[in-house]
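Encoded as C-alpha cells, the structure appears first; notes follow it.
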Amino acid sequence: MSKMIDEKSWQRVWESEEVFASEPDDREKFLITVPWPYTSGPLHVGHGRTYTIADIMARFLRMTGYNVLFPMGFHESGTPIGSISHKIASGDKRTIDLYRKYISQYDSGENVDEILKGFEDPTKVADYFSDKIINDFIALGFSIDWRRKFRSIEPNFSNMVKWQFRQLGKQDRLKKGSHPVLFSIDDGNAVGEDDIEDGDTDKVAIEKFLVVLFKASGKDFYLGAGSLRAETIFGITNLWYNPDITYVLMNVDNKKVVVSQWCSKKIENQIQNVEVIRTISPEEFANETFSVPLAQKHVKIFQNRHLKEGQATGIVYSVPGHSVNDLSYLNEYEILIEPIEIITVKGKISSARAAMKKFNEPSEANLQLYREEYYDGIMVEKLDIIGGLSVKDARERMFNVLKEKDLGFDFYECSREARTRDGKPVIVAVIHDQWFIDYAQPQWKEETIAHVKNMEFKPDFYSTNMVDIINWLEERACARQRGLGTRLPQQEDWVIESLSDSTIYPAYYTFSHLITENNGNELTDEFFSYVLQGKNVNGYKPSPLAISCRNSFQYWYGVDRRITSAAHMSNHLAFYIFNHVALFEEKFLPKGISIAGMVISNGAKISKSKGNAVSLMDVVNTHGADIFRLYVALVAELDSTLDWNEKEVENIHGVYNSLSNIFSAVVESGINKKDPGLYMDVFLAKFRIHLGHYAAMMEKQQVRGASVEIIYEVLKDLGELSSLGLDQIKATEKIMQQWLKALSPIVPHLADHYWRAFGNESLLEREIIHIEKVNESDENLISQFEYVKGIIRDVRDIMNVTKIKPSQIDITVCGPQLATEIERISKGDVDVRNKSIIGLVKKYRGKIQTGLDENRALTIFGKMIETVFTSKVHCTIMDSYTSGKLPMPGRPTITLTGDKNE
RNA sequence: GCGGAGGUUGCCGAGCUAGGUCAAAGGCGGCAGACUCAAGAUCUGCUUCCGUAGGGGUUCGCCGGUUCGAAUCCGGCCCUCCGCACCA
C-alpha cells in the first residue's frame, strides 16, 4: 500500500478554480466523449477504464494547447431500470438483496431501507446511481465539465430526441411493420436479455420456423408440423405426435390446423385473426393418413414420447434419411420404414445412418450432419422444384413455394427453452405495428459508408469492420411499449427505444449548460433546427438563447474522439454514425472512434452472475485515484484486454512509491547536491528522448507506450545513475518540471502535489508542455555512454566464462588507419596492407560499428568501468596490426588479468 | 458457417504496419548476492542449451515459399477468443 497524497483536496481545487469548465476561445477545440453509462447500478472497473483513458488523453491534449471539452451524461432510458423497480416493488428477494448491497456501498444503516423503498419508482433508481457515479468520477480525478451533465430522460433533452425523430420521419427514414420479439404471455409484454433467466450468459435467439401443413385424408383439417428444414420435404416418411400433449384445432388463415395447445398460444401472439376452435383428441387423427405437400404421397403418423410440448407445434415430420433423431426414433419404436435420402455432400449421398456410424454421440452426429448438409449439401437432381439446388437455396425456395401455395406459414420459436427471472415462460410474439428506423436504405448506407472511410478508427481494422456492419444492418425496431425514455412523437403511446435515443446526444453537450429547466417551452423543433442545422424553419427568429447555443454548437461540435468498447460496434456506434450522417453537415460529423479491449478480473470474464465485478468505488477507496489511473495506463494498451488483478495492483503501488519517493526527496533535500557532471548530461539527453517518444506515442493514442516511456524508462535511467554511485536527486531536480508535466495526465493528483511543493504557484492543468527536439550531440553522447556500458557487459561475460576476477582490464581500441582498412575489407575490398586480418574481419563483419569516437568515449566514461569492477583500466589504441587479437571499430579487444575465482 | 482478432522463450505480455542492431522489452515467478539477529521490504546480477575470453547451437503454433538474411513478408494447415442484433 502506498502513502497517498490527499487527492480529495486537489479535486476540490480543480472544482473551485473551474479548470475543466471549457468555453470557446481562439485555441483549436477538441471534443472527446465516452458513451454515457446506464445507471442501473454502481459502475465496475470496466467502465472506469474507458473514462480513465479518455481523461488521460483529454489532459494530455489540453497540455499540448488544445481547448478540450470532456463532458458526460447519464443514460436512464430503457427497460431494465423499470424491471428492477418492478421486482423491488413485488418483493423479489434476489433483486432486493442485490440493491441493498449496492446502496450499502454508498449509504449507511437506517437510510438503506428508505432508499430501497424509494426504488419502487424507476426514476429514483436512475437518479440515485447517476449521483453516485458523479462522485466516483470526481474521486477518480476526471477532467469533466460537470456543468454540462444531463440525463437521457429529462424533458429538455427529450425535446431534442423528438426533434430527431420528426426529422427522421420527414426524411422517410422511419417505417412501420411487424417484428418478432421475445415475450412473456403472463406479463403481457416483451422481455429483454435482462429479464430472462441466465439471459446474459446463455443468449436466447429467435429462430424462424415454417409450419408445414399436412392435409388429413378425407377430413377437413391439417396437421401443422414445425420445421427449420423445409428442403427435406421429399424425404418425409411419416409424422410424429406425442399422446401426452394436449392438441387443439385452430383456425389459421381460414384453415383448420392441429397444433399443441401450448403452440396455439404462441400462434395467437404471432398471427392476427386466429382462433382456437376446440381441443382435439389424438384419436381423431392418429389413424389417418396425411398428404405430404408438393409430393404425391401420403404418410402415417406415429406416437413419439420424445417430443416436447414446449418445442414448436408438438407435431413433427420425420425425415430419417437426414435426421439422426428421426432415425433413432424409428429404431426405438421398431417401425420398419426405409429412410429416403435426397441430399448429396461432395458427390456422395449423405445420410443420417452414415453419420450415426461415424459419431458415437447422437447429438454430435446430428450437429455434424446438419452442418455438412447445410454448407456443402446439394439436393439430388431428380427432385421436383428443388432438384440440383444447394441446401441453402432449396430451403429458401421451399419456404416460398409452400407459403405461396398456402401449405405453410411462418412461425417463430426461441432457440432454447427460456423463462423469465420469476419463472414465467418466454415465447416469441410478433408485434404488428412496430416502428423501425430503416437502416436498410441503400442511399443512407452509401453516405454513411462514405463518411466512415473519412473517419479515424483505432485500431484501424475496425474501419472495415464498421463498413461490414453498416452493410449488414437492416431495419431497427426503435420504439417499445414500456420503459423509461422519450415518447415517440409520431405515436405517443410508444417510447423511443434506448439505443435509438442515444445517437446524436453528444451534440446536446455543446449547449446543455446554457439551458435551464425554465427554458422548456423554448425548445421547439424550430429551435433545434436552428441550433443544430442553422435553418430558420417557419420564419423562426432565434432568441438570444438559441443564438448562444448555436455559437457554442458550431465551435465545439464534431466529436473528435469517442472512446468506447467493441461491444458497441454493431449497434450503438453504427446508429451514431448513421444518425449523424442523416442530420448534420459534414463538418459536424464524428471524426474518430477508439475501441477499448475487454476488461477481465483476475483472469476471468466479468459478469454480474459470477459476482466478480469489482466496484469502481471500492477501488478508488482502497487504492486511490492515481493508482487506478496508473494501472489502466501501464498494464495494457487500450486495444488489448486489461486484467484487473490484485497482484498487479501491488506492483503499481511500487511504481507509485518510486515516483513519490524520488519527488519528496527532491523537495526535502534542497539544492546542495553535487552535480554528477557528464553523466548528468547523458541522463538529460536520455530524458529528452523519452519525452519525445512519450509525446509521439500519446499523439498516436498509445497511452501505455507513452506511460512506459515516461515512467519505467525514466526510473530505469535514474536507477542507472544510482548504480554508478551518482546522485538521483540532483538529476531528478533538473528534469522535475518537465517530468511532472508529462506525468500529470496520468497521475494528476501526484503531479499537482509535487508541482506545488516544488515551488510552482500554478496548476498543471493550466500548463503547456514544450517538447524539445533531440539534437545530434545528445545522440552522440548517449552512444558513447552506451558503448562503455557495452564494454562493461563484455567484461562481465568474460568473467563469467573464465572465472577471472580482474585486477586489471586492458582495453585496446582500433585506431583510425586500421579502422579504414577494416571498413574497406568489410565492404569487399581486400587490397590492403594487412592481408592477415581479412579472415578475422569477415567473421565479425556484422558487428562493426563505425562513426563512434571510442577513445573519447573511454576518456569520458572509462572511470565507470573502474568503479563497477574495482580494478584498474588501461586503454591503448592500436593502429597497425602485428599479431594477436584484433580490435575493430566499435569492438575493442579486452584482456583481463587477475586471480581465478572458483 | 460468416465476419473480426490472435497463437512469442515457466507464466503474463511487447515486438511484428517500414525484414537484419531479436535469444527477442517489461512484469511475475525462480536462483544467487548485498542489507538484516531473522523475516519482509529494497537494491544488484542471473534465469534456452553448450563454452576456461566477449563465441557458438537451437528457438517465436505447424508445413512450405520469397530473400544474402524472417518472430517479422507470401501461401496452406491446425488451434484459441470475440460478434452474428433489436439488448443496455
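We name chains A, B, ... following the order of the C-alpha cells; residues begin at 1 in each chain, and ligands are numbered from 1 as shown.
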
Distance-based interface of chain B with chain A, 12 Å, counting only C-alpha atoms (C1' of nucleotides), as a PyMOL selection string: chain B and resi 1-6+12-14+17+20-21+25-28+41-46+50-55+69+81-88

Counting only C-alpha atoms (C1' of nucleotides), what is within 9 Å of G61 (chain B), bar same-chain residues fewer than 4 positions away, as a compact mmCIF listing (two decimals) with N, CA, C and O atoms (P, O5', C5', C4', C3', O3' and C1' of nucleotides), in the first residue's frame?
# COMPACT_ATOMS: atom_id res chain seq x y z
P G B 7 -0.32 -13.46 -31.42
O5' G B 7 -0.57 -14.42 -30.19
C5' G B 7 0.41 -15.35 -29.74
C4' G B 7 -0.18 -16.73 -29.80
C3' G B 7 0.83 -17.84 -30.06
O3' G B 7 1.11 -18.54 -28.87
C1' G B 7 -1.18 -18.12 -31.33
P C B 78 -7.39 -27.26 -41.13
O5' C B 78 -6.69 -27.34 -39.69
C5' C B 78 -6.23 -28.59 -39.19
C4' C B 78 -5.49 -28.38 -37.89
C3' C B 78 -6.25 -27.60 -36.84
O3' C B 78 -7.17 -28.40 -36.14
C1' C B 78 -4.07 -26.74 -37.00
P C B 79 -8.56 -27.75 -35.64
O5' C B 79 -8.08 -26.86 -34.41
C5' C B 79 -7.53 -27.47 -33.25
C4' C B 79 -6.90 -26.43 -32.35
C3' C B 79 -7.84 -25.34 -31.86
O3' C B 79 -8.62 -25.75 -30.77
C1' C B 79 -5.84 -24.36 -32.63

One-decimal distance in Å that lies between CA of Lys208 (chain A) and CA of Ile342 (chain A):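 For CA of Ile342 (chain A) relative to CA of Lys208 (chain A), the distance reads 23.0 Å.
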
Nearest candidate to Phe758 (chain A) (options A:Cys875, A:Ala312, A:Val666, A:Val599; using only C-alpha atoms):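 Among the listed residues, A:Val666 lies closest to Phe758 (chain A).
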
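You will find CA of His44 (chain A) at 12.5 Å from CA of Lys132 (chain A).
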
Shell of 9 Å around Gly862 (chain A), only C-alpha atoms (C1' of nucleotides), local chain residues under 5 positions omitted, as a ChimeraX atom specification: /A:788,857,873,875

Would you export the selected residues with C-alpha atoms as a PDB file, in the first residue's frame, please?
ATOM      1  CA  VAL A 788      31.212   1.952 -22.463  1.00  0.00           C
ATOM      2  CA  ALA A 857      34.109   7.629 -25.079  1.00  0.00           C
ATOM      3  CA  VAL A 873      41.608   0.054 -16.545  1.00  0.00           C
ATOM      4  CA  CYS A 875      43.404   1.805 -22.554  1.00  0.00           C
TER       5      CYS A 875
END

Distance query G30 (chain B) at most 12 Å, only C-alpha atoms (C1' of nucleotides), self and fewer than 3 positions along chain excluded, as a PyMOL selection string: chain B and resi 10-11+46-47

Selection to disk with all heavy atoms, as a PDB file, in the first residue's frame:
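selection_12.pdb, freshly written:
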ATOM      1  P     G B  10       9.264 -21.989 -22.085  1.00  0.00           P
ATOM      2  OP1   G B  10       9.842 -23.219 -22.610  1.00  0.00           O
ATOM      3  OP2   G B  10       7.928 -21.571 -22.513  1.00  0.00           O
ATOM      4  O5'   G B  10       9.281 -22.025 -20.503  1.00  0.00           O
ATOM      5  C5'   G B  10       8.688 -23.167 -19.854  1.00  0.00           C
ATOM      6  C4'   G B  10       7.832 -22.731 -18.699  1.00  0.00           C
ATOM      7  O4'   G B  10       8.677 -22.233 -17.629  1.00  0.00           O
ATOM      8  C3'   G B  10       6.876 -21.574 -18.983  1.00  0.00           C
ATOM      9  O3'   G B  10       5.703 -22.030 -19.603  1.00  0.00           O
ATOM     10  C2'   G B  10       6.626 -21.030 -17.597  1.00  0.00           C
ATOM     11  O2'   G B  10       5.677 -21.806 -16.909  1.00  0.00           O
ATOM     12  C1'   G B  10       7.999 -21.203 -16.942  1.00  0.00           C
ATOM     13  N9    G B  10       8.823 -19.994 -17.009  1.00  0.00           N
ATOM     14  C8    G B  10       9.987 -19.803 -17.713  1.00  0.00           C
ATOM     15  N7    G B  10      10.492 -18.608 -17.562  1.00  0.00           N
ATOM     16  C5    G B  10       9.610 -17.978 -16.696  1.00  0.00           C
ATOM     17  C6    G B  10       9.638 -16.668 -16.169  1.00  0.00           C
ATOM     18  O6    G B  10      10.474 -15.769 -16.367  1.00  0.00           O
ATOM     19  N1    G B  10       8.551 -16.422 -15.337  1.00  0.00           N
ATOM     20  C2    G B  10       7.582 -17.332 -15.046  1.00  0.00           C
ATOM     21  N2    G B  10       6.609 -16.916 -14.225  1.00  0.00           N
ATOM     22  N3    G B  10       7.534 -18.553 -15.526  1.00  0.00           N
ATOM     23  C4    G B  10       8.582 -18.815 -16.343  1.00  0.00           C
ATOM     24  P     C B  11       4.882 -21.096 -20.597  1.00  0.00           P
ATOM     25  OP1   C B  11       3.894 -21.933 -21.296  1.00  0.00           O
ATOM     26  OP2   C B  11       5.838 -20.284 -21.378  1.00  0.00           O
ATOM     27  O5'   C B  11       4.109 -20.137 -19.609  1.00  0.00           O
ATOM     28  C5'   C B  11       3.045 -20.619 -18.808  1.00  0.00           C
ATOM     29  C4'   C B  11       2.552 -19.517 -17.896  1.00  0.00           C
ATOM     30  O4'   C B  11       3.640 -19.093 -17.044  1.00  0.00           O
ATOM     31  C3'   C B  11       2.132 -18.244 -18.611  1.00  0.00           C
ATOM     32  O3'   C B  11       0.813 -18.323 -19.086  1.00  0.00           O
ATOM     33  C2'   C B  11       2.281 -17.210 -17.507  1.00  0.00           C
ATOM     34  O2'   C B  11       1.219 -17.253 -16.591  1.00  0.00           O
ATOM     35  C1'   C B  11       3.562 -17.698 -16.815  1.00  0.00           C
ATOM     36  N1    C B  11       4.775 -17.051 -17.348  1.00  0.00           N
ATOM     37  C2    C B  11       5.051 -15.725 -16.983  1.00  0.00           C
ATOM     38  O2    C B  11       4.263 -15.135 -16.243  1.00  0.00           O
ATOM     39  N3    C B  11       6.171 -15.128 -17.461  1.00  0.00           N
ATOM     40  C4    C B  11       7.005 -15.801 -18.257  1.00  0.00           C
ATOM     41  N4    C B  11       8.088 -15.173 -18.697  1.00  0.00           N
ATOM     42  C5    C B  11       6.748 -17.143 -18.642  1.00  0.00           C
ATOM     43  C6    C B  11       5.630 -17.728 -18.177  1.00  0.00           C
ATOM     44  P     C B  46      22.850  -9.756 -15.770  1.00  0.00           P
ATOM     45  OP1   C B  46      23.687  -9.698 -16.988  1.00  0.00           O
ATOM     46  OP2   C B  46      21.576  -9.020 -15.697  1.00  0.00           O
ATOM     47  O5'   C B  46      22.558 -11.284 -15.421  1.00  0.00           O
ATOM     48  C5'   C B  46      23.598 -12.258 -15.481  1.00  0.00           C
ATOM     49  C4'   C B  46      23.092 -13.579 -14.997  1.00  0.00           C
ATOM     50  O4'   C B  46      22.559 -13.434 -13.649  1.00  0.00           O
ATOM     51  C3'   C B  46      21.911 -14.155 -15.764  1.00  0.00           C
ATOM     52  O3'   C B  46      22.313 -14.784 -16.956  1.00  0.00           O
ATOM     53  C2'   C B  46      21.347 -15.151 -14.751  1.00  0.00           C
ATOM     54  O2'   C B  46      22.119 -16.320 -14.674  1.00  0.00           O
ATOM     55  C1'   C B  46      21.497 -14.361 -13.456  1.00  0.00           C
ATOM     56  N1    C B  46      20.267 -13.614 -13.116  1.00  0.00           N
ATOM     57  C2    C B  46      19.211 -14.331 -12.538  1.00  0.00           C
ATOM     58  O2    C B  46      19.347 -15.543 -12.347  1.00  0.00           O
ATOM     59  N3    C B  46      18.069 -13.681 -12.216  1.00  0.00           N
ATOM     60  C4    C B  46      17.964 -12.374 -12.434  1.00  0.00           C
ATOM     61  N4    C B  46      16.824 -11.785 -12.101  1.00  0.00           N
ATOM     62  C5    C B  46      19.026 -11.621 -13.026  1.00  0.00           C
ATOM     63  C6    C B  46      20.149 -12.277 -13.348  1.00  0.00           C
ATOM     64  P     U B  47      21.260 -14.792 -18.173  1.00  0.00           P
ATOM     65  OP1   U B  47      21.929 -15.495 -19.278  1.00  0.00           O
ATOM     66  OP2   U B  47      20.748 -13.413 -18.366  1.00  0.00           O
ATOM     67  O5'   U B  47      20.063 -15.688 -17.638  1.00  0.00           O
ATOM     68  C5'   U B  47      20.265 -17.069 -17.335  1.00  0.00           C
ATOM     69  C4'   U B  47      18.984 -17.677 -16.825  1.00  0.00           C
ATOM     70  O4'   U B  47      18.596 -17.048 -15.573  1.00  0.00           O
ATOM     71  C3'   U B  47      17.773 -17.429 -17.713  1.00  0.00           C
ATOM     72  O3'   U B  47      17.746 -18.360 -18.785  1.00  0.00           O
ATOM     73  C2'   U B  47      16.619 -17.650 -16.742  1.00  0.00           C
ATOM     74  O2'   U B  47      16.361 -19.020 -16.524  1.00  0.00           O
ATOM     75  C1'   U B  47      17.179 -17.030 -15.466  1.00  0.00           C
ATOM     76  N1    U B  47      16.732 -15.636 -15.296  1.00  0.00           N
ATOM     77  C2    U B  47      15.529 -15.439 -14.654  1.00  0.00           C
ATOM     78  O2    U B  47      14.850 -16.351 -14.234  1.00  0.00           O
ATOM     79  N3    U B  47      15.135 -14.127 -14.532  1.00  0.00           N
ATOM     80  C4    U B  47      15.826 -13.021 -14.975  1.00  0.00           C
ATOM     81  O4    U B  47      15.357 -11.905 -14.798  1.00  0.00           O
ATOM     82  C5    U B  47      17.068 -13.305 -15.635  1.00  0.00           C
ATOM     83  C6    U B  47      17.473 -14.573 -15.763  1.00  0.00           C
TER      84        U B  47
END

Residue neighbourhood region 110-115 of chain A, 9 Å, only C-alpha atoms (C1' of nucleotides), exclusion window fewer than 3 positions, as a PyMOL selection string: chain A and resi 100+103-104+107+118-119+124-125+128

Distance query region 592-594 of chain A at most 7 Å, only C-alpha atoms (C1' of nucleotides), self and fewer than 4 positions along chain excluded, as a ChimeraX atom specification: /A:455-459,560-564

Secondary structure check, alpha helix (DSSP H) residues of region 97-271 of chain A, as an MDAnalysis selection string: chainID A and resid 97:106 109:118 122:139 155:170 261:268

Distance in Å - CA of Ala216 (chain A) versus CA of Ser281 (chain A):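 Answer for the CA of Ala216 (chain A) to CA of Ser281 (chain A) separation: 14.5 Å.
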